[in-house]
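**Student:** Below is the file my_file_22.txt, which contains compact mmCIF, C-alpha atoms.
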# COMPACT_ATOMS: atom_id res chain seq x y z
CA MET A 1 10.33 21.21 -11.74
CA GLU A 2 12.57 18.19 -11.96
CA HIS A 3 11.06 14.83 -11.02
CA HIS A 4 12.94 11.72 -10.00
CA PHE A 5 10.18 9.12 -9.89
CA HIS A 6 10.31 6.08 -12.19
CA ALA A 7 8.77 7.56 -15.34
CA SER A 8 6.46 5.31 -17.36
CA GLU A 9 4.74 5.84 -20.70
CA LEU A 10 2.41 2.92 -19.99
CA ASP A 11 -1.13 3.25 -18.75
CA GLN A 12 -1.69 1.83 -15.28
CA PRO A 13 -2.07 -1.98 -15.48
CA HIS A 14 -5.35 -2.47 -13.64
CA PRO A 15 -8.15 -1.55 -16.09
CA GLN A 16 -6.77 -3.72 -18.88
CA ARG A 17 -6.09 -6.64 -16.53
CA THR A 18 -9.63 -6.34 -15.15
CA ARG A 19 -11.08 -6.65 -18.64
CA GLU A 20 -8.94 -9.68 -19.45
CA ILE A 21 -9.78 -11.45 -16.19
CA LEU A 22 -13.53 -10.85 -16.54
CA LYS A 23 -13.43 -12.13 -20.10
CA LYS A 24 -11.73 -15.33 -18.96
CA HIS A 25 -13.37 -15.63 -15.53
CA PRO A 26 -16.82 -14.00 -15.65
CA GLU A 27 -17.75 -15.83 -12.43
CA ILE A 28 -15.71 -13.24 -10.54
CA LYS A 29 -18.64 -10.84 -10.98
CA LYS A 30 -20.47 -12.88 -8.33
CA LEU A 31 -17.91 -11.65 -5.76
CA MET A 32 -18.96 -8.04 -6.23
CA GLY A 33 -21.35 -6.53 -3.71
CA LYS A 34 -21.61 -5.17 -0.16
CA ASN A 35 -20.58 -6.58 3.20
CA PRO A 36 -22.73 -5.02 5.96
CA TYR A 37 -20.99 -7.24 8.54
CA THR A 38 -18.09 -4.81 8.24
CA PHE A 39 -20.19 -2.41 10.33
CA GLY A 40 -20.26 -5.00 13.11
CA ILE A 41 -16.47 -5.12 13.07
CA LEU A 42 -16.43 -1.32 13.27
CA LEU A 43 -18.59 -1.35 16.41
CA LEU A 44 -16.43 -4.07 17.98
CA VAL A 45 -13.16 -2.21 17.35
CA LEU A 46 -14.63 1.13 18.43
CA THR A 47 -15.80 -0.45 21.69
CA LEU A 48 -12.36 -1.97 22.20
CA GLN A 49 -10.54 1.33 21.70
CA VAL A 50 -12.88 3.36 23.91
CA SER A 51 -12.71 0.70 26.63
CA LEU A 52 -8.91 0.60 26.57
CA ALA A 53 -8.76 4.40 26.63
CA TYR A 54 -11.03 4.38 29.69
CA PHE A 55 -9.06 1.74 31.58
CA ILE A 56 -5.69 3.32 30.78
CA GLY A 57 -7.02 6.73 31.76
CA HIS A 58 -8.11 5.43 35.17
CA TRP A 59 -5.18 3.21 36.12
CA GLY A 60 -3.66 6.00 38.18
CA LEU A 61 -0.16 4.56 38.17
CA GLN A 62 2.55 6.34 40.14
CA PRO A 63 4.80 7.99 39.22
CA ALA A 64 2.85 9.59 36.38
CA TRP A 65 5.33 8.59 33.65
CA GLN A 66 4.22 4.99 34.11
CA ASN A 67 0.78 5.94 32.80
CA LEU A 68 2.41 7.43 29.71
CA LEU A 69 4.53 4.32 29.18
CA ALA A 70 1.50 2.05 29.65
CA ALA A 71 -0.46 4.09 27.10
CA PHE A 72 2.36 3.81 24.56
CA ILE A 73 2.90 0.06 25.07
CA ALA A 74 -0.83 -0.64 24.79
CA ALA A 75 -1.00 1.48 21.65
CA TYR A 76 1.94 -0.33 20.07
CA ALA A 77 0.66 -3.81 20.96
CA ILE A 78 -3.08 -3.33 20.38
CA GLY A 79 -4.10 0.19 19.43
CA ALA A 80 -2.07 0.44 16.23
CA PHE A 81 -3.69 -2.71 14.86
CA ALA A 82 -7.15 -1.54 15.95
CA ASN A 83 -6.84 1.92 14.41
CA HIS A 84 -5.34 0.44 11.26
CA CYS A 85 -8.38 -1.83 11.00
CA MET A 86 -10.55 1.29 11.22
CA TYR A 87 -8.58 2.81 8.33
CA VAL A 88 -9.38 -0.27 6.27
CA ILE A 89 -13.08 0.13 7.11
CA ILE A 90 -12.89 3.78 5.99
CA HIS A 91 -11.30 2.48 2.80
CA GLU A 92 -14.15 -0.01 2.30
CA ALA A 93 -16.74 2.69 2.90
CA SER A 94 -15.06 5.01 0.38
CA HIS A 95 -15.82 2.37 -2.26
CA ASN A 96 -19.41 1.99 -0.95
CA LEU A 97 -18.71 -1.63 -0.02
CA VAL A 98 -20.45 -1.70 3.38
CA PHE A 99 -24.01 -0.57 2.66
CA THR A 100 -25.94 0.15 -0.53
CA SER A 101 -26.58 3.77 0.40
CA LYS A 102 -23.74 6.22 -0.24
CA THR A 103 -24.94 8.27 2.72
CA TRP A 104 -24.76 5.29 5.07
CA ASN A 105 -21.25 4.54 3.83
CA ARG A 106 -20.24 8.10 4.66
CA TRP A 107 -21.50 7.64 8.20
CA VAL A 108 -19.56 4.37 8.42
CA GLY A 109 -16.43 6.23 7.36
CA MET A 110 -16.93 8.98 9.94
CA LEU A 111 -17.67 6.53 12.78
CA ALA A 112 -14.58 4.49 11.89
CA ASP A 113 -12.65 7.76 11.96
CA LEU A 114 -13.46 8.49 15.61
CA PRO A 115 -10.52 6.65 17.28
CA ASN A 116 -8.16 8.51 14.96
CA LEU A 117 -9.25 11.76 16.69
CA VAL A 118 -8.56 13.71 13.47
CA PRO A 119 -11.37 14.18 10.90
CA GLY A 120 -9.81 12.68 7.78
CA SER A 121 -12.33 10.19 6.38
CA MET A 122 -14.31 12.54 4.16
CA GLY A 123 -11.12 13.87 2.59
CA PHE A 124 -9.96 10.31 2.05
CA PHE A 125 -13.21 9.52 0.22
CA VAL A 126 -12.28 12.14 -2.38
CA TYR A 127 -8.55 11.59 -2.70
CA HIS A 128 -8.64 7.80 -2.71
CA LEU A 129 -11.04 7.53 -5.63
CA LYS A 130 -8.79 9.95 -7.53
CA HIS A 131 -5.87 7.66 -6.72
CA HIS A 132 -7.68 4.75 -8.38
CA ALA A 133 -8.59 6.76 -11.44
CA HIS A 134 -5.18 8.44 -11.83
CA GLN A 135 -2.67 6.09 -10.24
CA GLY A 136 0.81 7.49 -10.59
CA ASP A 137 -0.33 10.84 -12.00
CA TYR A 138 1.51 13.42 -9.90
CA ASP A 139 -1.15 16.09 -10.49
CA TYR A 140 -4.03 13.95 -9.23
CA ASP A 141 -2.68 11.12 -7.04
CA ALA A 142 -2.35 12.21 -3.38
CA ASP A 143 -0.81 8.83 -2.60
CA MET A 144 2.42 10.06 -4.20
CA ALA A 145 4.79 12.16 -2.12
CA ASN A 146 5.49 15.76 -3.05
CA VAL A 147 8.78 16.25 -4.88
CA TRP A 148 10.00 18.57 -2.11
CA GLU A 149 8.87 15.99 0.45
CA ALA A 150 10.84 13.19 -1.22
CA LYS A 151 13.95 15.37 -1.52
CA PHE A 152 13.67 16.51 2.10
CA ILE A 153 13.32 12.97 3.49
CA GLY A 154 16.03 11.41 1.33
CA ASN A 155 16.91 7.72 1.46
CA HIS A 156 18.59 7.36 4.86
CA PHE A 157 17.17 5.76 7.99
CA ILE A 158 16.72 8.95 10.03
CA GLY A 159 14.75 10.75 7.34
CA LYS A 160 12.51 7.80 6.53
CA ALA A 161 11.86 7.08 10.22
CA PHE A 162 10.92 10.75 10.69
CA TRP A 163 8.59 10.52 7.68
CA LEU A 164 6.82 7.43 9.03
CA ALA A 165 6.53 8.91 12.51
CA PHE A 166 4.78 12.01 11.15
CA PHE A 167 3.16 10.49 8.09
CA PRO A 168 -0.29 12.06 8.74
CA ILE A 169 1.23 15.53 8.78
CA PHE A 170 3.05 14.99 5.49
CA GLN A 171 -0.18 13.76 3.92
CA LEU A 172 -1.82 17.07 4.76
CA THR A 173 0.73 18.91 2.60
CA ARG A 174 -0.24 17.07 -0.61
CA PRO A 175 -3.79 18.25 -1.49
CA PRO A 176 -2.76 21.81 -2.48
CA ARG A 177 -0.75 20.50 -5.43
CA LEU A 178 -3.61 18.41 -6.84
CA LYS A 179 -5.84 19.52 -9.71
CA SER A 180 -9.63 19.28 -10.04
CA ILE A 181 -10.22 18.34 -6.40
CA ASN A 182 -13.40 19.71 -4.83
CA MET A 183 -13.61 19.20 -1.07
CA TRP A 184 -16.35 21.72 -0.34
CA SER A 185 -19.49 19.98 0.90
CA LYS A 186 -21.30 19.48 4.18
CA TRP A 187 -19.62 16.16 4.91
CA PRO A 188 -16.16 17.39 5.98
CA TRP A 189 -17.89 19.74 8.42
CA ILE A 190 -19.97 16.91 9.87
CA ASN A 191 -16.77 14.87 10.07
CA LEU A 192 -15.09 17.72 11.97
CA VAL A 193 -17.95 18.18 14.45
CA LEU A 194 -18.12 14.45 15.18
CA ALA A 195 -14.36 14.22 15.69
CA LEU A 196 -14.19 17.21 18.02
CA SER A 197 -17.17 15.96 20.03
CA PHE A 198 -15.57 12.54 20.39
CA ASP A 199 -12.21 14.06 21.39
CA ILE A 200 -13.84 16.16 24.10
CA ALA A 201 -15.81 13.16 25.39
CA ILE A 202 -12.68 10.99 25.53
CA PHE A 203 -10.78 13.65 27.46
CA TYR A 204 -13.69 14.15 29.87
CA PHE A 205 -14.43 10.49 30.56
CA CYS A 206 -11.02 8.86 29.99
CA GLY A 207 -8.64 11.61 31.05
CA LEU A 208 -5.35 12.72 29.58
CA TYR A 209 -3.75 9.28 29.39
CA GLY A 210 -6.79 7.75 27.77
CA LEU A 211 -6.64 10.46 25.13
CA LEU A 212 -2.89 9.94 24.69
CA TYR A 213 -3.49 6.22 24.17
CA LEU A 214 -5.62 7.08 21.14
CA VAL A 215 -3.10 9.68 19.95
CA PHE A 216 -0.35 7.03 20.05
CA SER A 217 -2.64 4.50 18.34
CA PHE A 218 -3.37 6.99 15.56
CA PHE A 219 0.24 7.84 14.75
CA LEU A 220 1.49 4.26 15.08
CA SER A 221 -1.31 2.80 12.94
CA ILE A 222 -0.04 4.58 9.82
CA GLY A 223 3.58 5.23 10.67
CA LEU A 224 6.48 3.98 12.74
CA HIS A 225 5.03 0.51 13.31
CA PRO A 226 5.03 -2.68 11.19
CA VAL A 227 1.47 -1.95 10.00
CA GLY A 228 2.91 1.26 8.55
CA ALA A 229 4.60 -0.96 5.96
CA ARG A 230 1.23 -1.16 4.23
CA TRP A 231 1.81 2.26 2.68
CA ILE A 232 5.16 1.05 1.31
CA GLN A 233 3.85 -2.33 0.20
CA GLU A 234 1.09 -1.00 -2.01
CA HIS A 235 2.98 1.01 -4.64
CA TYR A 236 6.65 1.46 -3.72
CA THR A 237 9.13 -0.18 -6.11
CA PRO A 238 12.88 0.55 -5.88
CA GLN A 239 13.61 -0.70 -9.40
CA GLY A 240 10.51 0.53 -11.19
CA GLY A 241 8.52 -1.83 -13.39
CA GLN A 242 5.72 -3.44 -11.40
CA GLU A 243 3.96 -0.65 -9.56
CA THR A 244 1.36 -2.37 -7.37
CA PHE A 245 2.19 -5.10 -4.89
CA SER A 246 0.09 -7.37 -2.72
CA TYR A 247 0.84 -8.65 0.77
CA TYR A 248 -0.24 -12.19 1.64
CA GLY A 249 1.00 -12.44 5.23
CA PRO A 250 -0.84 -13.16 8.51
CA ILE A 251 -1.58 -9.55 9.50
CA ASN A 252 -4.28 -9.62 6.82
CA ILE A 253 -6.41 -11.36 9.44
CA VAL A 254 -6.69 -8.19 11.55
CA ALA A 255 -6.23 -5.86 8.56
CA LEU A 256 -9.29 -7.17 6.69
CA ASN A 257 -7.30 -8.44 3.70
CA VAL A 258 -6.12 -4.95 2.77
CA GLY A 259 -2.87 -6.57 1.63
CA TYR A 260 -4.60 -7.95 -1.46
CA HIS A 261 -3.85 -4.72 -3.24
CA ASN A 262 -3.45 -5.83 -6.85
CA GLU A 263 -6.73 -7.67 -6.49
CA HIS A 264 -8.38 -4.60 -4.99
CA HIS A 265 -7.18 -2.23 -7.72
CA ASP A 266 -8.34 -4.70 -10.36
CA PHE A 267 -11.74 -5.10 -8.68
CA PRO A 268 -12.51 -2.15 -6.37
CA SER A 269 -16.18 -3.21 -6.26
CA ILE A 270 -15.35 -6.44 -4.42
CA PRO A 271 -15.43 -6.23 -0.59
CA TRP A 272 -12.48 -7.24 1.59
CA ASN A 273 -13.79 -10.70 2.51
CA ASN A 274 -13.86 -11.80 -1.14
CA LEU A 275 -10.47 -10.50 -2.29
CA PRO A 276 -8.61 -13.79 -1.59
CA LYS A 277 -11.17 -15.52 -3.81
CA VAL A 278 -10.17 -13.26 -6.73
CA LYS A 279 -6.60 -14.56 -6.52
CA ALA A 280 -7.85 -18.13 -6.19
CA MET A 281 -10.12 -17.83 -9.24
CA ALA A 282 -7.53 -16.19 -11.50
CA PRO A 283 -4.14 -17.48 -10.28
CA GLU A 284 -2.55 -17.16 -13.71
CA TYR A 285 -2.82 -13.36 -13.39
CA TYR A 286 -1.50 -13.03 -9.84
CA ASP A 287 0.93 -15.86 -9.18
CA ASN A 288 3.53 -14.32 -11.51
CA LEU A 289 3.42 -10.91 -9.86
CA LYS A 290 5.91 -9.96 -7.18
CA PHE A 291 4.41 -9.78 -3.69
CA HIS A 292 5.30 -9.44 0.00
CA ASN A 293 4.84 -12.01 2.74
CA SER A 294 6.06 -9.92 5.69
CA TRP A 295 5.20 -6.36 6.62
CA VAL A 296 7.85 -6.47 9.35
CA LYS A 297 10.57 -7.38 6.84
CA LEU A 298 9.38 -4.75 4.35
CA TRP A 299 9.16 -2.11 7.08
CA LEU A 300 12.77 -2.74 8.12
CA THR A 301 13.93 -2.95 4.51
CA PHE A 302 12.35 0.40 3.70
CA LEU A 303 14.00 2.02 6.72
CA PHE A 304 17.51 0.64 6.26
CA ASP A 305 17.85 -0.02 2.51
CA ASN A 306 19.10 3.14 0.78
CA SER A 307 17.62 1.99 -2.53
CA TYR A 308 14.20 2.85 -1.07
CA SER A 309 13.12 6.48 -1.02
CA LEU A 310 9.88 8.39 -1.52
CA PHE A 311 10.85 8.57 -5.18
CA SER A 312 10.48 4.77 -5.42
CA ARG A 313 7.19 5.15 -7.24
CA VAL A 314 6.07 4.90 -10.86
CA GLU A 315 4.91 8.20 -12.34
CA ARG A 316 2.70 8.40 -15.42
CA VAL A 317 4.12 10.60 -18.16
CA LYS A 318 1.64 12.84 -19.93
CA ASP A 319 2.32 11.77 -23.52
CA GLY A 320 2.92 8.55 -25.36
CA LYS A 321 0.83 6.23 -23.19
CA VAL A 322 0.50 2.73 -24.58
CA ASP A 323 -1.48 -0.31 -23.58
CA TYR A 324 0.14 -1.86 -20.50
CA MET A 325 -0.77 -5.51 -21.00
CA ARG A 326 0.17 -5.48 -24.69
CA ALA A 327 3.53 -3.92 -23.90
CA GLN A 328 4.17 -6.49 -21.18
CA LYS A 329 3.45 -9.33 -23.59
CA GLN A 330 5.71 -7.83 -26.27
CA THR A 331 8.63 -7.58 -23.85
CA ALA A 332 8.09 -10.97 -22.19
Rewrite the structure of this file - the entire thing - as structure tokens.
**Tutor:**
Amino acid sequence: MEHHFHASELDQPHPQRTREILKKHPEIKKLMGKNPYTFGILLLVLTLQVSLAYFIGHWGLQPAWQNLLAAFIAAYAIGAFANHCMYVIIHEASHNLVFTSKTWNRWVGMLADLPNLVPGSMGFFVYHLKHHAHQGDYDYDADMANVWEAKFIGNHFIGKAFWLAFFPIFQLTRPPRLKSINMWSKWPWINLVLALSFDIAIFYFCGLYGLLYLVFSFFLSIGLHPVGARWIQEHYTPQGGQETFSYYGPINIVALNVGYHNEHHDFPSIPWNNLPKVKAMAPEYYDNLKFHNSWVKLWLTFLFDNSYSLFSRVERVKDGKVDYMRAQKQTA
């Protein structure tokens, strides 16, 4: 099978950079820990989404299409940000950064998953940790598109817009290609039962348009919406080279600092509220890296710039890996 990603013989940069930073700035260890207040944010956002679904479902606008339009507008203006925040909380829980207990963190992930209507959090727990351990390895990293997927979408606006609009569906096609992934446990089944129960309750109490509000919020939160640029920001690079990028713009306020992605990959045991402190404590390691200040600009650039495609990722080659930081210093 022919690949067209940016091939690299270097190991991923994060483990070596982590060691160097900790050697120079051991005080960063104090930032590691849990943030149980994240659970409070979860309850707040969950209440917001259920309340909006209820109100939208009972507006009773006439003609009926006005209810559909109201649901979509509310989802674009509010719901996409709310559901995206829940995705970040799932992400935090996957790293056990909310509570000390792994079991409690699983429950956090499944509760944060409820407004998404689809039971994906327990799968994410597995695939995301593999992404950290094997970043850029096509056989293990579900964050990379399938080769057929990248070829099918291409680099033109229509294809990339279609990909963003149906991003969750494309993600479901990736696990079968991965190696050494074991999903069989009780947790995905609990995740499924909770999601179906929530979906039925929303339809019963909030009606069709309340349910559609959450459907729109789900698809927009990870797709054809400026917050969908997060998936491009993290590891897409048209020219190759640097393979992880941070975002330092204002949406981090409602996205729980998920834009601090280099900092997160370097220190996945540090919760979201402390990630800006990592950059502040070790500026010499982050100020020279390329970064993004606008998800809106990046979102539009990805859609309309033909140099961006799903192949705009760095792929680890299987042989000849060398130390990343040493190689960077030798070529500087």
**Student:** Set the distance at 6 Å and use only C-alpha atoms: which residues neighbour range 64-78 of chain A once local chain neighbours fewer than 3 positions away are removed? I'd like the list as an mmCIF file with C-alpha atoms, keeping the file's coordinate frame.
**Tutor:**
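Generated file (part-v1.cif):
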data_model
loop_
_atom_site.group_PDB
_atom_site.id
_atom_site.type_symbol
_atom_site.label_atom_id
_atom_site.label_comp_id
_atom_site.auth_asym_id
_atom_site.auth_seq_id
_atom_site.Cartn_x
_atom_site.Cartn_y
_atom_site.Cartn_z
ATOM 1 C CA LEU A 61 -0.160 4.560 38.170
ATOM 2 C CA PHE A 81 -3.690 -2.710 14.860
ATOM 3 C CA TYR A 213 -3.490 6.220 24.170
ATOM 4 C CA PHE A 216 -0.350 7.030 20.050
ATOM 5 C CA SER A 217 -2.640 4.500 18.340
#
**Student:** Would you tabulate, counting only C-alpha atoms, all residues of range 222-326 of chain A that have an atom at most 10 Å from an atom of range 130-153 of chain A, showing the closest pair of atoms and their distance in Å to one decimal, sorted by chain then ascending number, as CSV?
**Tutor:**
residue,atom,partner,partner_atom,distance
A:Trp231,CA,A:Asp143,CA,8.8
A:His235,CA,A:Asp143,CA,8.9
A:Tyr236,CA,A:Met144,CA,9.6
A:Glu243,CA,A:Gly136,CA,8.8
A:Thr244,CA,A:Gln135,CA,9.8
A:His264,CA,A:His132,CA,10.0
A:His265,CA,A:His132,CA,7.0
A:Asp266,CA,A:His132,CA,9.7
A:Pro268,CA,A:His132,CA,8.7
A:Ser309,CA,A:Ala150,CA,7.1
A:Leu310,CA,A:Ala150,CA,4.9
A:Phe311,CA,A:Ala150,CA,6.1
A:Ser312,CA,A:Ala150,CA,9.4
A:Arg313,CA,A:Met144,CA,7.5
A:Val314,CA,A:Gly136,CA,5.9
A:Glu315,CA,A:Gly136,CA,4.5
A:Arg316,CA,A:Asp137,CA,5.2
A:Val317,CA,A:Asp137,CA,7.6
A:Lys318,CA,A:Asp137,CA,8.4
**Student:** Residues at most 12 Å from range 26-40 of chain A, counting all atoms listed in the file, excluding those fewer than 6 positions away in the same chain, as a ChimeraX atom specification?
**Tutor:** /A:18-20,46-47,85-86,88-93,95-102,104-112,255-256,263-264,266-282
**Student:** Output C-alpha atoms for every residue in that selection, as a short mmCIF file (atom, residue, chain, number, x, y, z; two decimals), in the frame of the given file.
**Tutor:**
data_model
loop_
_atom_site.label_atom_id
_atom_site.label_comp_id
_atom_site.auth_asym_id
_atom_site.auth_seq_id
_atom_site.Cartn_x
_atom_site.Cartn_y
_atom_site.Cartn_z
CA THR A 18 -9.63 -6.34 -15.15
CA ARG A 19 -11.08 -6.65 -18.64
CA GLU A 20 -8.94 -9.68 -19.45
CA LEU A 46 -14.63 1.13 18.43
CA THR A 47 -15.80 -0.45 21.69
CA CYS A 85 -8.38 -1.83 11.00
CA MET A 86 -10.55 1.29 11.22
CA VAL A 88 -9.38 -0.27 6.27
CA ILE A 89 -13.08 0.13 7.11
CA ILE A 90 -12.89 3.78 5.99
CA HIS A 91 -11.30 2.48 2.80
CA GLU A 92 -14.15 -0.01 2.30
CA ALA A 93 -16.74 2.69 2.90
CA HIS A 95 -15.82 2.37 -2.26
CA ASN A 96 -19.41 1.99 -0.95
CA LEU A 97 -18.71 -1.63 -0.02
CA VAL A 98 -20.45 -1.70 3.38
CA PHE A 99 -24.01 -0.57 2.66
CA THR A 100 -25.94 0.15 -0.53
CA SER A 101 -26.58 3.77 0.40
CA LYS A 102 -23.74 6.22 -0.24
CA TRP A 104 -24.76 5.29 5.07
CA ASN A 105 -21.25 4.54 3.83
CA ARG A 106 -20.24 8.10 4.66
CA TRP A 107 -21.50 7.64 8.20
CA VAL A 108 -19.56 4.37 8.42
CA GLY A 109 -16.43 6.23 7.36
CA MET A 110 -16.93 8.98 9.94
CA LEU A 111 -17.67 6.53 12.78
CA ALA A 112 -14.58 4.49 11.89
CA ALA A 255 -6.23 -5.86 8.56
CA LEU A 256 -9.29 -7.17 6.69
CA GLU A 263 -6.73 -7.67 -6.49
CA HIS A 264 -8.38 -4.60 -4.99
CA ASP A 266 -8.34 -4.70 -10.36
CA PHE A 267 -11.74 -5.10 -8.68
CA PRO A 268 -12.51 -2.15 -6.37
CA SER A 269 -16.18 -3.21 -6.26
CA ILE A 270 -15.35 -6.44 -4.42
CA PRO A 271 -15.43 -6.23 -0.59
CA TRP A 272 -12.48 -7.24 1.59
CA ASN A 273 -13.79 -10.70 2.51
CA ASN A 274 -13.86 -11.80 -1.14
CA LEU A 275 -10.47 -10.50 -2.29
CA PRO A 276 -8.61 -13.79 -1.59
CA LYS A 277 -11.17 -15.52 -3.81
CA VAL A 278 -10.17 -13.26 -6.73
CA LYS A 279 -6.60 -14.56 -6.52
CA ALA A 280 -7.85 -18.13 -6.19
CA MET A 281 -10.12 -17.83 -9.24
CA ALA A 282 -7.53 -16.19 -11.50
#
**Student:** Just the residues within 10 Å of Gly123 in chain A, please, counting only C-alpha atoms, with nothing from its chain fewer than 3 positions along; format it as an NGL selection string.
**Tutor:** :A and (94 or 119-120 or 126-128 or 175 or 182-184 or 187-188 or 191)
**Student:** Extract, using only C-alpha atoms, all DNA, RNA and protein residues at most 9 Å from Leu220 in chain A, discarding same-chain residues fewer than 4 positions from it, and format them as a PDB file with C-alpha atoms, in the frame of the given file.
**Tutor:**
ATOM      1  CA  ALA A  75      -1.000   1.480  21.650  1.00  0.00           C
ATOM      2  CA  TYR A  76       1.940  -0.330  20.070  1.00  0.00           C
ATOM      3  CA  GLY A  79      -4.100   0.190  19.430  1.00  0.00           C
ATOM      4  CA  ALA A  80      -2.070   0.440  16.230  1.00  0.00           C
ATOM      5  CA  PHE A  81      -3.690  -2.710  14.860  1.00  0.00           C
ATOM      6  CA  ASN A  83      -6.840   1.920  14.410  1.00  0.00           C
ATOM      7  CA  HIS A  84      -5.340   0.440  11.260  1.00  0.00           C
ATOM      8  CA  LEU A 164       6.820   7.430   9.030  1.00  0.00           C
ATOM      9  CA  ALA A 165       6.530   8.910  12.510  1.00  0.00           C
ATOM     10  CA  VAL A 215      -3.100   9.680  19.950  1.00  0.00           C
ATOM     11  CA  PHE A 216      -0.350   7.030  20.050  1.00  0.00           C
ATOM     12  CA  LEU A 224       6.480   3.980  12.740  1.00  0.00           C
ATOM     13  CA  HIS A 225       5.030   0.510  13.310  1.00  0.00           C
ATOM     14  CA  PRO A 226       5.030  -2.680  11.190  1.00  0.00           C
ATOM     15  CA  VAL A 227       1.470  -1.950  10.000  1.00  0.00           C
ATOM     16  CA  GLY A 228       2.910   1.260   8.550  1.00  0.00           C
TER      17      GLY A 228
END
**Student:** Applying 9 Å and all atoms listed in the file, which residues near Phe304 in chain A remain after dropping the ones on its own chain fewer than 3 positions away? List them as a ChimeraX atom specification.
**Tutor:** /A:155-157,160,299-301,307-308
**Student:** CA of Phe170 in chain A and CA of Val254 in chain A, how far apart in Å?
**Tutor:**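 Computing it gives 25.9 Å between the two atoms.
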**Student:** Looking at A:Ser197, A:Ser221, A:Gln12, A:Ser294, which one is nearest to Phe167 in chain A, with distances taken over all atoms listed in the file?
**Tutor:**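 Residue with the minimum atom-to-atom distance to Phe167 in chain A: A:Ser221.
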**Student:** So the first atom is CA of Leu298 in chain A and the second is CA of Arg230 in chain A; what is the distance between them in Å, to one decimal place?
**Tutor:**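 Between these atoms lies a distance of 8.9 Å.
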**Student:** Provide the CA of Trp59 in chain A to CA of Tyr87 in chain A distance in Å, to one decimal place.
**Tutor:**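 Separation of CA of Trp59 in chain A and CA of Tyr87 in chain A: 28.0 Å.
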**Student:** Pick out the closest residue to Ile181 in chain A from this set: A:His25, A:His292, A:Leu129, A:Arg17. Count all atoms listed in the file.
**Tutor:**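 Residue with the minimum atom-to-atom distance to Ile181 in chain A: A:Leu129.
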**Student:** Quick one: 5 Å padding each side, axis-aligned, all listed atoms of range 74-87 of chain A - centre and edge lengths in Å to one decimal, as lines of an AutoDock Vina configuration file?
**Tutor:**
center_x = -4.3
center_y = -0.5
center_z = 16.6
size_x = 22.5
size_y = 16.6
size_z = 26.5
**Student:** Calculated over all atoms listed in the file, which of the candidates A:Ile169, A:Ile232, A:Thr103, A:Gly241 has the smallest distance to Glu9 in chain A?
**Tutor:**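 That would be A:Gly241, the residue with the smallest distance to Glu9 in chain A.
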**Student:** Would you mind completing range 213-224 of chain A to N, CA and C atoms and writing the output as a compact mmCIF listing (two decimals), keeping the file's coordinate frame?
**Tutor:**
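Written output follows (result07.txt):
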# COMPACT_ATOMS: atom_id res chain seq x y z
N TYR A 213 -3.47 7.58 24.73
CA TYR A 213 -3.49 6.22 24.17
C TYR A 213 -4.00 6.25 22.74
N LEU A 214 -5.07 6.99 22.49
CA LEU A 214 -5.62 7.08 21.14
C LEU A 214 -4.73 7.90 20.22
N VAL A 215 -4.06 8.91 20.75
CA VAL A 215 -3.10 9.68 19.95
C VAL A 215 -1.97 8.76 19.48
N PHE A 216 -1.41 7.98 20.41
CA PHE A 216 -0.35 7.03 20.05
C PHE A 216 -0.86 6.01 19.03
N SER A 217 -2.07 5.49 19.25
CA SER A 217 -2.64 4.50 18.34
C SER A 217 -2.78 5.07 16.93
N PHE A 218 -3.19 6.33 16.85
CA PHE A 218 -3.37 6.99 15.56
C PHE A 218 -2.05 7.10 14.80
N PHE A 219 -1.03 7.65 15.43
CA PHE A 219 0.24 7.84 14.75
C PHE A 219 0.92 6.51 14.42
N LEU A 220 0.84 5.55 15.33
CA LEU A 220 1.49 4.26 15.08
C LEU A 220 0.78 3.47 13.99
N SER A 221 -0.54 3.62 13.88
CA SER A 221 -1.31 2.80 12.94
C SER A 221 -0.97 3.09 11.49
N ILE A 222 -0.40 4.25 11.21
CA ILE A 222 -0.04 4.58 9.82
C ILE A 222 1.40 5.06 9.72
N GLY A 223 2.23 4.69 10.70
CA GLY A 223 3.58 5.23 10.67
C GLY A 223 4.65 4.30 11.17
N LEU A 224 5.29 4.67 12.27
CA LEU A 224 6.48 3.98 12.74
C LEU A 224 6.10 2.72 13.51
